[in-house]
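Colleague: Input: one structure, supplied below.
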Amino acid sequence: MNLEELKKKMDEANYIYDDTLATVLYVALQLGRPLLIEGAAGVGKTEIAKVMASALDRELVRLQCYEGLDESKALYEWNYQKQLLSIQVNMNTQDKETLTRSLFSDEYLLERPLLKSIRSEKPVVLLIDEIDKADEEFEAFLLELLSEMQVTIPEVGTIRARTVPFVVLTSNRARPLSEALRRRCAYLYIEYPDMEKELAILRAKLPHVDDRLCAQVALAVQKLRATETILKKPSIAETLDWAAALDALGIRELTPDALRKTAGFVLKNNEDLAALDETETDSHCGGCPGHSHG
């Protein structure tokens with residue numbers, strides 16, 4: 001697949017991108033390099049992995065990171081119940097050494113996302129989502145996979161990748177990531193879309209929604225993100241949800257009343273809804289960006 005073919009595939013998926021993003025994706029894919037994508041929550045980092053899986057016609061294998069994540073949830077686990085049953089059945093028919101060896105074979109191995117992605121017969125897209133939420137110890141554990149495309153299981157030994165996955169790591173920058181991890185990855189930083197790109201996303205994802213309403217929603221979201229008192233900035237997904245909610249109500253213009261009724265689709269906590277009410281009180285236009293009086 002060349003760069004133009006990749007762009008065509010992303011176009012078919014209605015994914016809005018720029019040349020820099022497309023080029024980084026293509027080169028990382030060609031070199032077999034993991035790609036680290038940083039940016040605020042909701043800018044569309046995870047969506048890139050989904051789009052690449054679709055464009056490459058690959059399975060998406062996702063590892064959602066969290067505090068306390070360890071190898072047993074990320075790499076592998078032994079099926080202890082099945083092992084115990086095998087011991088009970090075979091303890092009188094096999095010598096201990098043979099039985100012990102058999103217990104640590106593929107038959108009893110439960111693949112988790114990391115192991116699944118490198119043992120797959122066909123290349124996959126491996127999404128390691130929100131790596132900044134995992135502990136530093138887990139981040140260090142990942143280095144072998146990211147640099148050598150192999151993992152080590154004490155009872156089995158080193159397992160090398162059958163196929164090389166396209167690895168996408170995302171981070172909301174909740175904590176600094178190590179230089180060792182960064183060195184192993186290509187890098188992208190994604191910001192919230194500007195007005196033009198946000199409108200293009202709305203048109204691509206919701207082509208049936210009135211174009212004027214899309215423009216008003218895009219402008220309103222831009223202003224909400226720029227408002228210091230809004231703590232959780234609306235994500236792209238919430239922009240789409242909001243436009244879809246307005247359309248479902250048959251609303252064709254983002255009036256102050258329409259904004260109040262549907263604010264829960266774009267702002268997701270009570271503090272931000274209260275901040276919106278204050279903005280409305282302070283504004284002669286009801287705090288409704290994009291609405292003009294005729």
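Chains: A, B, ... in order of the structure tokens. Residues: from 1 per chain. Ligands: from 1, in order shown.
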Need to verify the contact set: range 179-191 of chain A, 10 Å, only C-alpha atoms, exclusion of same-chain residues closer than 2 positions in sequence. Can you return it as a VMD selection string?
Modeller: chain A and resid 20 to 21 24 to 25 27 to 29 31 to 45 139 to 140 142 to 143 146 to 148 167 to 171 176 to 177 193 to 194
Colleague: For the selection you just gave me, I'd like the residues written to a file as a short mmCIF file (atom, residue, chain, number, x, y, z; two decimals), in the first residue's frame, keeping N, CA, C and O atoms.
Modeller:
```
data_model
loop_
_atom_site.label_atom_id
_atom_site.label_comp_id
_atom_site.auth_asym_id
_atom_site.auth_seq_id
_atom_site.Cartn_x
_atom_site.Cartn_y
_atom_site.Cartn_z
N THR A 20 0.30 15.78 7.10
CA THR A 20 1.28 15.37 8.11
C THR A 20 0.85 14.08 8.78
O THR A 20 1.65 13.14 8.93
N LEU A 21 -0.41 14.02 9.20
CA LEU A 21 -0.91 12.82 9.87
C LEU A 21 -0.83 11.61 8.94
O LEU A 21 -0.35 10.55 9.33
N VAL A 24 2.86 10.47 8.53
CA VAL A 24 3.39 9.79 9.71
C VAL A 24 2.83 8.38 9.81
O VAL A 24 3.57 7.41 10.10
N LEU A 25 1.54 8.22 9.58
CA LEU A 25 0.92 6.89 9.62
C LEU A 25 1.57 5.96 8.59
O LEU A 25 1.90 4.81 8.89
N VAL A 27 4.55 6.17 7.02
CA VAL A 27 5.97 5.85 7.27
C VAL A 27 6.11 4.90 8.46
O VAL A 27 6.90 3.96 8.43
N ALA A 28 5.34 5.13 9.53
CA ALA A 28 5.39 4.23 10.69
C ALA A 28 4.98 2.82 10.27
O ALA A 28 5.59 1.83 10.71
N LEU A 29 3.99 2.72 9.41
CA LEU A 29 3.54 1.42 8.91
C LEU A 29 4.63 0.74 8.09
O LEU A 29 4.93 -0.44 8.27
N LEU A 31 7.88 1.23 8.18
CA LEU A 31 9.06 0.90 8.97
C LEU A 31 8.77 -0.09 10.09
O LEU A 31 9.68 -0.57 10.76
N GLY A 32 7.48 -0.39 10.32
CA GLY A 32 7.11 -1.28 11.41
C GLY A 32 7.35 -0.66 12.77
O GLY A 32 7.60 -1.36 13.76
N ARG A 33 7.25 0.68 12.84
CA ARG A 33 7.50 1.38 14.11
C ARG A 33 6.19 1.59 14.87
O ARG A 33 5.17 1.96 14.28
N PRO A 34 6.20 1.39 16.19
CA PRO A 34 5.03 1.78 16.99
C PRO A 34 4.81 3.28 16.86
O PRO A 34 5.76 4.04 16.64
N LEU A 35 3.57 3.70 17.02
CA LEU A 35 3.23 5.12 16.91
C LEU A 35 2.61 5.59 18.22
O LEU A 35 1.59 5.05 18.66
N LEU A 36 3.25 6.57 18.86
CA LEU A 36 2.73 7.17 20.09
C LEU A 36 1.97 8.44 19.71
O LEU A 36 2.52 9.33 19.06
N ILE A 37 0.69 8.50 20.11
CA ILE A 37 -0.15 9.66 19.81
C ILE A 37 -0.56 10.31 21.13
O ILE A 37 -1.19 9.67 21.98
N GLU A 38 -0.20 11.58 21.30
CA GLU A 38 -0.58 12.31 22.50
C GLU A 38 -1.55 13.43 22.15
O GLU A 38 -1.61 13.90 21.01
N GLY A 39 -2.30 13.86 23.15
CA GLY A 39 -3.26 14.94 22.98
C GLY A 39 -4.30 14.87 24.08
O GLY A 39 -4.38 13.89 24.81
N ALA A 40 -5.09 15.91 24.18
CA ALA A 40 -6.14 15.96 25.21
C ALA A 40 -7.17 14.86 24.97
O ALA A 40 -7.31 14.34 23.85
N ALA A 41 -7.89 14.51 26.01
CA ALA A 41 -8.95 13.51 25.88
C ALA A 41 -10.00 14.01 24.88
O ALA A 41 -10.43 15.16 24.95
N GLY A 42 -10.36 13.15 23.95
CA GLY A 42 -11.45 13.49 23.04
C GLY A 42 -11.04 14.10 21.72
O GLY A 42 -11.90 14.52 20.95
N VAL A 43 -9.72 14.14 21.43
CA VAL A 43 -9.31 14.75 20.16
C VAL A 43 -9.31 13.75 19.00
O VAL A 43 -9.09 14.12 17.85
N GLY A 44 -9.52 12.46 19.30
CA GLY A 44 -9.62 11.48 18.23
C GLY A 44 -8.41 10.57 18.10
O GLY A 44 -8.17 10.01 17.03
N LYS A 45 -7.67 10.35 19.19
CA LYS A 45 -6.48 9.50 19.14
C LYS A 45 -6.85 8.04 18.88
O LYS A 45 -6.27 7.37 18.02
N GLU A 139 4.90 0.11 31.88
CA GLU A 139 5.51 0.80 30.73
C GLU A 139 6.88 0.19 30.42
O GLU A 139 7.21 -0.06 29.26
N ALA A 140 7.67 -0.09 31.46
CA ALA A 140 8.99 -0.70 31.27
C ALA A 140 8.85 -2.10 30.70
O ALA A 140 9.64 -2.52 29.84
N LEU A 142 6.69 -3.10 28.67
CA LEU A 142 6.33 -3.00 27.25
C LEU A 142 7.53 -2.85 26.32
O LEU A 142 7.42 -3.12 25.13
N LEU A 143 8.66 -2.40 26.85
CA LEU A 143 9.79 -2.03 26.01
C LEU A 143 10.28 -3.19 25.14
O LEU A 143 10.67 -3.00 23.99
N LEU A 146 7.94 -3.50 22.18
CA LEU A 146 8.01 -2.39 21.24
C LEU A 146 9.32 -2.36 20.45
O LEU A 146 9.34 -1.93 19.30
N SER A 147 10.41 -2.83 21.07
CA SER A 147 11.71 -2.76 20.38
C SER A 147 12.05 -4.03 19.62
O SER A 147 12.62 -3.98 18.53
N GLU A 148 11.68 -5.19 20.17
CA GLU A 148 12.09 -6.46 19.57
C GLU A 148 10.92 -7.23 18.95
O GLU A 148 11.15 -8.25 18.30
N VAL A 167 1.36 -0.97 15.84
CA VAL A 167 1.08 -0.64 17.24
C VAL A 167 0.81 0.85 17.38
O VAL A 167 1.61 1.69 16.95
N VAL A 168 -0.33 1.18 17.98
CA VAL A 168 -0.69 2.56 18.28
C VAL A 168 -0.83 2.70 19.79
O VAL A 168 -1.62 1.97 20.41
N LEU A 169 -0.04 3.59 20.38
CA LEU A 169 -0.17 3.90 21.80
C LEU A 169 -0.77 5.29 21.92
O LEU A 169 -0.37 6.21 21.19
N THR A 170 -1.74 5.46 22.81
CA THR A 170 -2.30 6.79 23.03
C THR A 170 -2.01 7.24 24.47
O THR A 170 -1.88 6.41 25.38
N SER A 171 -1.91 8.55 24.63
CA SER A 171 -1.67 9.12 25.96
C SER A 171 -2.37 10.47 26.07
O SER A 171 -2.30 11.30 25.16
N PRO A 176 4.14 11.92 32.79
CA PRO A 176 5.19 11.88 31.76
C PRO A 176 5.53 10.43 31.41
O PRO A 176 5.60 9.56 32.29
N LEU A 177 5.75 10.17 30.13
CA LEU A 177 6.20 8.85 29.69
C LEU A 177 7.72 8.84 29.61
O LEU A 177 8.36 9.88 29.41
N PRO A 193 -9.68 19.97 16.84
CA PRO A 193 -9.78 20.51 15.48
C PRO A 193 -10.18 21.98 15.49
O PRO A 193 -10.89 22.44 16.39
N ASP A 194 -9.71 22.71 14.50
CA ASP A 194 -10.17 24.10 14.34
C ASP A 194 -11.58 24.08 13.74
O ASP A 194 -12.14 23.02 13.45
#
```
Colleague: Sort by chain and increasing residue number a table of all residues of range 115-164 of chain A within 9 Å of range 63-78 of chain A, each with its closest pair of atoms and their distance in Å to one decimal, counting only C-alpha atoms, and write it as a tab-separated table.
Modeller:
```
residue	atom	partner	partner_atom	distance
A:Leu115	CA	A:Leu75	CA	5.1
A:Lys116	CA	A:Leu75	CA	7.9
A:Leu126	CA	A:Leu63	CA	7.7
A:Leu127	CA	A:Leu63	CA	6.1
A:Ile128	CA	A:Leu63	CA	4.9
A:Asp129	CA	A:Gln64	CA	5.0
A:Glu130	CA	A:Cys65	CA	5.6
A:Ile131	CA	A:Cys65	CA	5.6
A:Asp132	CA	A:Cys65	CA	7.8
A:Lys133	CA	A:Tyr66	CA	4.9
A:Ala134	CA	A:Glu67	CA	4.7
A:Asp135	CA	A:Glu67	CA	5.9
A:Glu137	CA	A:Asp70	CA	8.7
A:Phe138	CA	A:Asp70	CA	6.4
A:Phe141	CA	A:Glu71	CA	8.3
A:Val151	CA	A:Leu75	CA	8.4
A:Ile153	CA	A:Tyr76	CA	8.3
```
Colleague: Deliver the residues from the most recent selection as a file, using all heavy atoms, as a compact mmCIF listing (two decimals), in the first residue's frame.
Modeller:
```txt
# COMPACT_ATOMS: atom_id res chain seq x y z
N LEU A 115 -0.12 -10.71 23.71
CA LEU A 115 0.29 -12.00 23.16
C LEU A 115 -0.52 -12.34 21.91
O LEU A 115 0.03 -12.83 20.91
CB LEU A 115 0.13 -13.10 24.21
CG LEU A 115 0.67 -14.48 23.82
CD1 LEU A 115 2.16 -14.41 23.51
CD2 LEU A 115 0.40 -15.50 24.93
N LYS A 116 -1.79 -12.05 21.97
CA LYS A 116 -2.65 -12.32 20.81
C LYS A 116 -2.16 -11.57 19.57
O LYS A 116 -2.14 -12.11 18.46
CB LYS A 116 -4.09 -11.91 21.11
CG LYS A 116 -5.05 -12.11 19.95
CD LYS A 116 -6.46 -11.68 20.31
CE LYS A 116 -7.40 -11.86 19.12
NZ LYS A 116 -8.78 -11.44 19.43
N LEU A 126 -2.65 -3.18 16.87
CA LEU A 126 -2.68 -3.27 18.33
C LEU A 126 -2.79 -1.87 18.91
O LEU A 126 -1.92 -1.03 18.71
CB LEU A 126 -1.40 -3.95 18.84
CG LEU A 126 -1.18 -3.91 20.37
CD1 LEU A 126 -2.30 -4.62 21.11
CD2 LEU A 126 0.18 -4.50 20.73
N LEU A 127 -3.89 -1.61 19.61
CA LEU A 127 -4.11 -0.32 20.26
C LEU A 127 -3.84 -0.46 21.75
O LEU A 127 -4.53 -1.22 22.45
CB LEU A 127 -5.55 0.14 20.03
CG LEU A 127 -6.03 1.35 20.85
CD1 LEU A 127 -5.19 2.58 20.55
CD2 LEU A 127 -7.52 1.62 20.60
N ILE A 128 -2.81 0.23 22.23
CA ILE A 128 -2.51 0.29 23.66
C ILE A 128 -3.02 1.65 24.13
O ILE A 128 -2.35 2.67 23.99
CB ILE A 128 -1.01 0.11 23.93
CG1 ILE A 128 -0.53 -1.23 23.34
CG2 ILE A 128 -0.72 0.17 25.43
CD1 ILE A 128 0.97 -1.46 23.44
N ASP A 129 -4.25 1.65 24.64
CA ASP A 129 -4.98 2.90 24.86
C ASP A 129 -4.71 3.48 26.24
O ASP A 129 -4.79 2.77 27.25
CB ASP A 129 -6.48 2.64 24.68
CG ASP A 129 -7.22 3.82 24.07
OD1 ASP A 129 -6.56 4.80 23.68
OD2 ASP A 129 -8.45 3.75 23.98
N GLU A 130 -4.37 4.76 26.28
CA GLU A 130 -4.13 5.51 27.52
C GLU A 130 -3.01 4.88 28.34
O GLU A 130 -3.17 4.57 29.52
CB GLU A 130 -5.43 5.62 28.33
CG GLU A 130 -6.52 6.37 27.58
CD GLU A 130 -7.79 6.59 28.39
OE1 GLU A 130 -8.35 5.60 28.90
OE2 GLU A 130 -8.20 7.75 28.52
N ILE A 131 -1.85 4.72 27.71
CA ILE A 131 -0.68 4.14 28.36
C ILE A 131 -0.28 4.95 29.59
O ILE A 131 0.30 4.42 30.55
CB ILE A 131 0.50 4.02 27.36
CG1 ILE A 131 1.74 3.42 28.02
CG2 ILE A 131 0.84 5.36 26.73
CD1 ILE A 131 1.57 2.02 28.54
N ASP A 132 -0.61 6.24 29.61
CA ASP A 132 -0.24 7.08 30.75
C ASP A 132 -1.01 6.72 32.02
O ASP A 132 -0.63 7.15 33.12
CB ASP A 132 -0.46 8.57 30.42
CG ASP A 132 -1.86 8.85 29.89
OD1 ASP A 132 -2.39 8.03 29.11
OD2 ASP A 132 -2.44 9.89 30.24
N LYS A 133 -2.07 5.92 31.90
CA LYS A 133 -2.81 5.50 33.09
C LYS A 133 -2.17 4.28 33.75
O LYS A 133 -2.45 3.99 34.91
CB LYS A 133 -4.26 5.18 32.73
CG LYS A 133 -5.11 6.41 32.43
CD LYS A 133 -6.57 6.04 32.25
CE LYS A 133 -7.43 7.28 32.05
NZ LYS A 133 -8.86 6.94 31.86
N ALA A 134 -1.35 3.55 33.01
CA ALA A 134 -0.68 2.38 33.56
C ALA A 134 0.52 2.81 34.40
O ALA A 134 1.01 3.94 34.29
CB ALA A 134 -0.24 1.44 32.44
N ASP A 135 0.99 1.90 35.25
CA ASP A 135 2.14 2.20 36.10
C ASP A 135 3.43 2.23 35.27
O ASP A 135 3.51 1.64 34.19
CB ASP A 135 2.28 1.13 37.20
CG ASP A 135 1.03 1.03 38.06
OD1 ASP A 135 0.39 2.08 38.27
OD2 ASP A 135 0.69 -0.08 38.49
N GLU A 137 6.06 0.63 35.91
CA GLU A 137 6.57 -0.74 35.80
C GLU A 137 6.00 -1.43 34.56
O GLU A 137 6.70 -2.16 33.86
CB GLU A 137 6.21 -1.55 37.05
CG GLU A 137 6.94 -1.14 38.31
CD GLU A 137 6.35 0.10 38.98
OE1 GLU A 137 5.29 0.59 38.52
OE2 GLU A 137 6.95 0.58 39.96
N PHE A 138 4.72 -1.19 34.30
CA PHE A 138 4.12 -1.81 33.12
C PHE A 138 4.68 -1.18 31.84
O PHE A 138 4.93 -1.87 30.86
CB PHE A 138 2.59 -1.64 33.14
CG PHE A 138 1.92 -2.27 31.95
CD1 PHE A 138 1.78 -3.64 31.86
CD2 PHE A 138 1.49 -1.49 30.89
CE1 PHE A 138 1.20 -4.22 30.75
CE2 PHE A 138 0.90 -2.05 29.78
CZ PHE A 138 0.76 -3.43 29.70
N PHE A 141 7.86 -2.82 31.15
CA PHE A 141 7.60 -4.18 30.64
C PHE A 141 7.31 -4.17 29.14
O PHE A 141 7.69 -5.08 28.40
CB PHE A 141 6.43 -4.79 31.42
CG PHE A 141 5.70 -5.87 30.70
CD1 PHE A 141 6.26 -7.13 30.53
CD2 PHE A 141 4.43 -5.64 30.16
CE1 PHE A 141 5.58 -8.12 29.84
CE2 PHE A 141 3.75 -6.62 29.49
CZ PHE A 141 4.33 -7.88 29.32
N VAL A 151 8.06 -11.24 23.28
CA VAL A 151 7.76 -11.20 24.70
C VAL A 151 8.34 -12.45 25.35
O VAL A 151 8.58 -13.46 24.67
CB VAL A 151 6.23 -11.14 24.98
CG1 VAL A 151 5.65 -9.83 24.50
CG2 VAL A 151 5.51 -12.32 24.35
N ILE A 153 7.86 -15.31 28.31
CA ILE A 153 7.01 -15.97 29.30
C ILE A 153 7.89 -16.96 30.05
O ILE A 153 8.48 -17.86 29.43
CB ILE A 153 5.83 -16.70 28.61
CG1 ILE A 153 4.92 -15.69 27.91
CG2 ILE A 153 5.04 -17.53 29.62
CD1 ILE A 153 3.77 -16.31 27.15
```
Colleague: If we count only C-alpha atoms, what is near Gln216 in chain A at a cut-off of 12 Å, once residues fewer than 5 positions away on the same chain are taken out, given as a PyMOL selection string?
Modeller: chain A and resi 195-196+198-199+202+209-211+221-223+239+242-243+246+251-256+258-259+288-292
Colleague: Where in range 47-231 of chain A does DSSP assign strand (DSSP E or B), given as a count of residues only?
Modeller: 34
